[in-house]
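Trainee: Here it is, the structure, as structure tokens.
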Amino acid sequence: METFIGFNLLDRQIVDREGALVGKVDDVELRLPPGQPPRVTALLVGQESLGERLGGALGAALAGSARRLRSEEDSAPIRIPFEVIAEIGSAITLSISKDLLAEPALEGWLREKFIGRIPGAQHDGE
Amino acid sequence: VKKLLGLTLGIISAIGGFVDIGDLVANSQAGSRFGIRHAWVMVVGVLAICVYAEMCGRVVAISGRPVFDLVRERLGPRVALVNLTASYLVTLVTLGAEIGGVALSIELLSGTTYLLWLPAVALVLWLLLWRVKFGVLENLFGVAGLALIIFLVAVFRLHANWSELAGQARHISPPSGENWPNYWFLAVSIFASAMTPYEVFFFSSGGVEERWTAKDLGQSRANVFIGFPLGGVLALAIMVTSALIFYPAQISVDTLGQTALPTALAFGRIGLGLAILGFFAATFGAALETGLSAGYTVAQYFGWTWGKYVKPRQAARFHTVLLVSVLLGFAALLTTIDPVQLTEYMLMLSAVALPLTYLPILVVANDRRYLGDRTNGRLANALGTVVMVVVLAAAIAAIPLMVMTGMGGY
């Protein structure tokens with residue numbers, strides 16, 4: 001089956017093998033082998049990639065704020081190798097659990113500094 | 001039996017959940033100034049929301065994607081970001097108006113000014129968003145919202161003159177002493193109150209969380225096609241009672257207390273008590289839905305973990321948006337803007353934003369790559385197109401009407 005980057009990949013929701021939300025396909029990583037059609041090698045996730053793709057002042061601001069949040073050792077943006085994609089449908093389903101991927105910096109930061117400190121944050125919503 | 005109970009409960013919640021502060025304000029104002037010359041707008045509004053909620057339910061059941069996922073996929077990140085900004089702002093203003101409505105309901109009951117109740121209402125609202133079992137809660141507010149049936153009963157108790165009402169309903173024109181711009185201003189308000197965007201954000205996200213499949217389409221359609229029209233009947237009953245009491249006396253409604261007054265005239269304290277209970281349940285239920293919807297739009301645009309069933313710790317970004325939204329809605333009310341006035345603005349802003357929400361739904365509902373062989377049939381497309389023309393007309397007319405009438409000539 002043919003896969004169109006613009007239609008089937010970009011801006012789709014990514015879910016892990018259990019159906020948990022991972023993020024959007026904010027951008028893709030391409031490899032351009034000489035003399036062959038380009039190949040998608042990975043999906044890129046995070047506001048940094050999104051901001052860079054958006055461009056303009058707003059995109060730069062979005063990417064910049066995301067960049068400041070992550071610590072030096074993180075290799076943001078989150079990179080999902082094409083090999084772990086199990087299915088491309090109305091969502092992109094991965095063959096792995098999201099625990100194996102890096103956590104988005106903003107999520108971790110808000111949990112540690114803010115949400116996690118409010119009593120009852122562990123509680124099941126049900 | 002359990003399935004039947006679930007079906008009934010779903011429909012009941014849809015009825016009680018249909019009415020919110022926008023319906024309360026727009027319908028009673030229209031009734032007091034124009035009789036029921038806007039009844040047809042309510043009928044069109046209910047039809048419109050039914051057509052689009054059905055499409056939305058089908059998209060969720062087949063593709064598993066909520067509305068704002070589709071907005072970003074179909075419009076691209078840039079246009080969708082503009083859409084997100086507009087949708088979030090409208091939802092935020094709606095949240096403020098609903099919180100104000102809850103506080104006003106308590107004022108009607110207690111006699112102390114609503115401003116004193118705002119902090120408590122905002123706090124309880126956030127606590128419920130933070131940790132309560134949602135299925136139970138939604139149904140509770142939906143069922144309590146049925147207290148609004150008192151307006152329907154009041155129509156009969158107030159000895160409605162049916163031939164006169166029928167005469168008003170047939171006249172699609174302003175009565176003497178009113179002008180066309182004011183007539184259309186309220187028409188747009190009523191239409192927007194039936195179609196407020198948060199309804200589909202909430203409806204579709206709920207469907208995703210409950211993991212609807214093609215098998216659940218029956219339930220979804222029953223909720224929409226039975227629940228919404230019956231909810232519309234309640235909204236219409238509010239317009240009729242207002243037309244019976246205030247229109248002949250030439251009093252225009254501008255407080256929530258006046259909206260409730262016809263029930264007191266019909267049934268005394270019990271009537272008034274039920275009306276206030278109905279207001280409280282309808283606005284509180286809607287405050288929960290708008291608060292969540294504010295979080296849904298942002299989280300679904302960025303792809304963050306969202307939902308009322310996940311632990312706050314696992315959805316820190318989503319829960320931050322919820323908390324900030326409740327605080328912003330609360331802060332808007334602390335400016336002491338009259339919540340009824342805020343509602344009038346909210347309805348006109350909603351009208352402007354309607355195409356942003358509904359156009360992507362119509363597009364995706366026709367896309368085989370999402371829906372396979374469950375795309376729109378001819379009827380859904382014919383109705384969907386007609387409704388879209390009305391939606392666009394309302395969106396274009398809203399701001400000129402606001403300016404021409406000075407917010408409806410109040």
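Chain lettering (A, B, ...) mirrors the order of the structure tokens, residue numbering begins at 1 for each chain separately, and ligand numbering begins at 1 in order of display.
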Per residue of chain A within 9 Å of chain B, record the nearest atom pair and its distance in Å to one decimal, counting only C-alpha atoms, with rows in chain order and ascending residue number, as JSON lines.
Mentor:
```
{"residue": "A:Phe7", "atom": "CA", "partner": "B:Glu73", "partner_atom": "CA", "distance": 7.9}
{"residue": "A:Leu10", "atom": "CA", "partner": "B:Glu73", "partner_atom": "CA", "distance": 7.5}
{"residue": "A:Asp11", "atom": "CA", "partner": "B:Glu73", "partner_atom": "CA", "distance": 5.3}
{"residue": "A:Arg12", "atom": "CA", "partner": "B:Glu73", "partner_atom": "CA", "distance": 6.2}
{"residue": "A:Gln13", "atom": "CA", "partner": "B:Gly303", "partner_atom": "CA", "distance": 6.3}
{"residue": "A:Ile14", "atom": "CA", "partner": "B:Gly303", "partner_atom": "CA", "distance": 7.9}
{"residue": "A:Ala20", "atom": "CA", "partner": "B:Thr305", "partner_atom": "CA", "distance": 7.6}
{"residue": "A:Leu21", "atom": "CA", "partner": "B:Thr305", "partner_atom": "CA", "distance": 5.3}
{"residue": "A:Val22", "atom": "CA", "partner": "B:Gly303", "partner_atom": "CA", "distance": 7.0}
{"residue": "A:Gly23", "atom": "CA", "partner": "B:Gly303", "partner_atom": "CA", "distance": 4.2}
{"residue": "A:Lys24", "atom": "CA", "partner": "B:Gly303", "partner_atom": "CA", "distance": 4.8}
{"residue": "A:Val25", "atom": "CA", "partner": "B:Gly303", "partner_atom": "CA", "distance": 8.6}
{"residue": "A:Asp26", "atom": "CA", "partner": "B:Phe302", "partner_atom": "CA", "distance": 8.6}
{"residue": "A:Gly46", "atom": "CA", "partner": "B:Phe302", "partner_atom": "CA", "distance": 8.0}
{"residue": "A:Gln47", "atom": "CA", "partner": "B:Phe302", "partner_atom": "CA", "distance": 7.6}
{"residue": "A:Leu50", "atom": "CA", "partner": "B:Pro77", "partner_atom": "CA", "distance": 8.0}
{"residue": "A:Arg53", "atom": "CA", "partner": "B:Pro77", "partner_atom": "CA", "distance": 8.8}
{"residue": "A:Leu54", "atom": "CA", "partner": "B:Arg78", "partner_atom": "CA", "distance": 6.4}
{"residue": "A:Gly89", "atom": "CA", "partner": "B:Tyr370", "partner_atom": "CA", "distance": 8.2}
{"residue": "A:Ser90", "atom": "CA", "partner": "B:Ser63", "partner_atom": "CA", "distance": 5.7}
{"residue": "A:Ala91", "atom": "CA", "partner": "B:Arg65", "partner_atom": "CA", "distance": 7.8}
{"residue": "A:Leu106", "atom": "CA", "partner": "B:Arg317", "partner_atom": "CA", "distance": 7.3}
{"residue": "A:Glu107", "atom": "CA", "partner": "B:Arg317", "partner_atom": "CA", "distance": 5.6}
{"residue": "A:Gly108", "atom": "CA", "partner": "B:Ala316", "partner_atom": "CA", "distance": 7.8}
{"residue": "A:Trp109", "atom": "CA", "partner": "B:Ala316", "partner_atom": "CA", "distance": 8.7}
{"residue": "A:Leu110", "atom": "CA", "partner": "B:Ala316", "partner_atom": "CA", "distance": 5.9}
{"residue": "A:Arg111", "atom": "CA", "partner": "B:Ala316", "partner_atom": "CA", "distance": 5.3}
{"residue": "A:Phe114", "atom": "CA", "partner": "B:Ala316", "partner_atom": "CA", "distance": 8.2}
{"residue": "A:Ile115", "atom": "CA", "partner": "B:Ala316", "partner_atom": "CA", "distance": 5.7}
{"residue": "A:Gly116", "atom": "CA", "partner": "B:Arg313", "partner_atom": "CA", "distance": 5.6}
{"residue": "A:Gly120", "atom": "CA", "partner": "B:Arg131", "partner_atom": "CA", "distance": 7.2}
{"residue": "A:Ala121", "atom": "CA", "partner": "B:Pro312", "partner_atom": "CA", "distance": 5.0}
{"residue": "A:Gln122", "atom": "CA", "partner": "B:Lys311", "partner_atom": "CA", "distance": 5.9}
{"residue": "A:His123", "atom": "CA", "partner": "B:Lys311", "partner_atom": "CA", "distance": 5.8}
{"residue": "A:Asp124", "atom": "CA", "partner": "B:Lys311", "partner_atom": "CA", "distance": 5.0}
{"residue": "A:Gly125", "atom": "CA", "partner": "B:Tyr309", "partner_atom": "CA", "distance": 4.4}
{"residue": "A:Glu126", "atom": "CA", "partner": "B:Tyr309", "partner_atom": "CA", "distance": 4.8}
```
Trainee: Skipping near chain neighbours, those fewer than 2 positions away, what residues fall within 7 Å of Pro355 (chain B) using only C-alpha atoms, listed as a list in words?
Mentor: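 Here the answer would be Ala353, Thr357, Tyr358, Leu359, Val391 and Leu392 of chain B.
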Trainee: Could you pull out the alpha helix (DSSP H) residues of region 66-122 of chain A from DSSP and send them as a PyMOL selection string?
Mentor: chain A and resi 66-69+105-113
Trainee: Please, could you write that set of residues out with N, CA and C atoms as a CSV table (one decimal), in the first residue's frame?
Mentor:
```
chain,number,residue,atom,x,y,z
A,66,ALA,N,9.9,25.1,23.9
A,66,ALA,CA,10.0,23.6,24.1
A,66,ALA,C,11.5,23.3,24.3
A,67,ARG,N,12.4,24.0,23.6
A,67,ARG,CA,13.8,23.7,23.6
A,67,ARG,C,14.4,24.0,25.0
A,68,ARG,N,13.9,25.2,25.6
A,68,ARG,CA,14.4,25.6,26.9
A,68,ARG,C,14.0,24.6,28.0
A,69,LEU,N,12.8,24.0,27.8
A,69,LEU,CA,12.3,23.1,28.8
A,69,LEU,C,13.1,21.8,29.0
A,105,ALA,N,9.1,16.6,27.6
A,105,ALA,CA,9.7,17.4,28.7
A,105,ALA,C,8.6,18.2,29.4
A,106,LEU,N,7.6,18.8,28.7
A,106,LEU,CA,6.6,19.6,29.4
A,106,LEU,C,5.8,18.8,30.3
A,107,GLU,N,5.4,17.5,29.9
A,107,GLU,CA,4.6,16.6,30.8
A,107,GLU,C,5.4,16.3,32.1
A,108,GLY,N,6.6,16.0,32.0
A,108,GLY,CA,7.4,15.7,33.1
A,108,GLY,C,7.6,16.9,34.0
A,109,TRP,N,7.9,18.0,33.4
A,109,TRP,CA,8.1,19.2,34.2
A,109,TRP,C,6.8,19.6,35.0
A,110,LEU,N,5.6,19.6,34.3
A,110,LEU,CA,4.4,20.0,35.0
A,110,LEU,C,4.0,19.0,36.1
A,111,ARG,N,4.3,17.7,35.8
A,111,ARG,CA,4.0,16.7,36.8
A,111,ARG,C,4.9,16.9,38.1
A,112,GLU,N,6.2,17.1,37.9
A,112,GLU,CA,7.1,17.2,39.0
A,112,GLU,C,6.8,18.5,39.8
A,113,LYS,N,6.6,19.6,39.0
A,113,LYS,CA,6.6,20.9,39.7
A,113,LYS,C,5.2,21.3,40.1
```
Trainee: What is the CA of Glu48 (chain A)-CA of Leu62 (chain A) distance in Å, reported with one decimal?
Mentor: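 CA of Leu62 (chain A) lies 6.6 Å from CA of Glu48 (chain A).
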Trainee: Mind checking which residues fall within 10 Å of Gly17 (chain B), counting only C-alpha atoms, ignoring those fewer than 3 positions away in the same chain, and posting them as a PyMOL selection string?
Mentor: chain B and resi 11-14+20+138-139+141-146+199+227-228+231+281-286+289
Trainee: Convert the current residue selection to file output with C-alpha atoms, as an mmCIF file, in the first residue's frame.
Mentor:
```
data_model
loop_
_atom_site.group_PDB
_atom_site.id
_atom_site.type_symbol
_atom_site.label_atom_id
_atom_site.label_comp_id
_atom_site.auth_asym_id
_atom_site.auth_seq_id
_atom_site.Cartn_x
_atom_site.Cartn_y
_atom_site.Cartn_z
ATOM 1 C CA ILE B 11 -31.227 9.756 26.352
ATOM 2 C CA ILE B 12 -32.235 11.369 29.642
ATOM 3 C CA SER B 13 -28.760 12.868 30.037
ATOM 4 C CA ALA B 14 -28.944 14.166 26.475
ATOM 5 C CA ASP B 20 -27.349 25.395 29.244
ATOM 6 C CA GLU B 138 -22.904 13.453 34.159
ATOM 7 C CA ASN B 139 -25.982 11.333 34.548
ATOM 8 C CA PHE B 141 -26.735 16.491 36.375
ATOM 9 C CA GLY B 142 -28.565 15.261 33.273
ATOM 10 C CA VAL B 143 -31.375 13.751 35.341
ATOM 11 C CA ALA B 144 -31.599 16.776 37.683
ATOM 12 C CA GLY B 145 -31.743 18.990 34.597
ATOM 13 C CA LEU B 146 -35.072 17.336 33.831
ATOM 14 C CA GLU B 199 -21.157 20.216 22.606
ATOM 15 C CA GLY B 227 -32.500 13.332 23.416
ATOM 16 C CA PHE B 228 -31.681 16.559 21.566
ATOM 17 C CA GLY B 231 -34.101 18.978 25.057
ATOM 18 C CA ALA B 281 -28.094 21.300 37.182
ATOM 19 C CA ALA B 282 -28.084 22.520 33.572
ATOM 20 C CA THR B 283 -25.409 25.161 34.137
ATOM 21 C CA PHE B 284 -23.235 23.025 36.434
ATOM 22 C CA GLY B 285 -23.365 20.106 34.024
ATOM 23 C CA ALA B 286 -22.451 22.475 31.187
ATOM 24 C CA GLU B 289 -18.486 19.891 29.930
#
```
Trainee: Excluding region 245-260 of chain B and residues on its chain fewer than 3 positions from it, collect all residues at most 9 Å away from it, counting only C-alpha atoms, and give them as a count of residues only.
Mentor: 32
Trainee: Give me the residues near Leu9 (chain A) as a list in words, where near means some atom within 8 Å (using only C-alpha atoms) and where sequence neighbours in that chain fewer than 4 positions away do not count.
Mentor: Thr3, Phe4, Ile5, Val25, Ile88 and Ile92 of chain A
Trainee: Go ahead and dump the residues you just picked, C-alpha atoms, as a PDB file, in the first residue's frame.
Mentor:
```pdb
ATOM      1  CA  THR A   3       1.572   5.808   2.113  1.00  0.00           C
ATOM      2  CA  PHE A   4       1.318   9.546   1.570  1.00  0.00           C
ATOM      3  CA  ILE A   5       3.362  11.503   4.077  1.00  0.00           C
ATOM      4  CA  VAL A  25       3.314  13.135  14.040  1.00  0.00           C
ATOM      5  CA  ILE A  88      -1.095   3.192   9.808  1.00  0.00           C
ATOM      6  CA  ILE A  92      -0.584   5.480  13.906  1.00  0.00           C
TER       7      ILE A  92
END
```
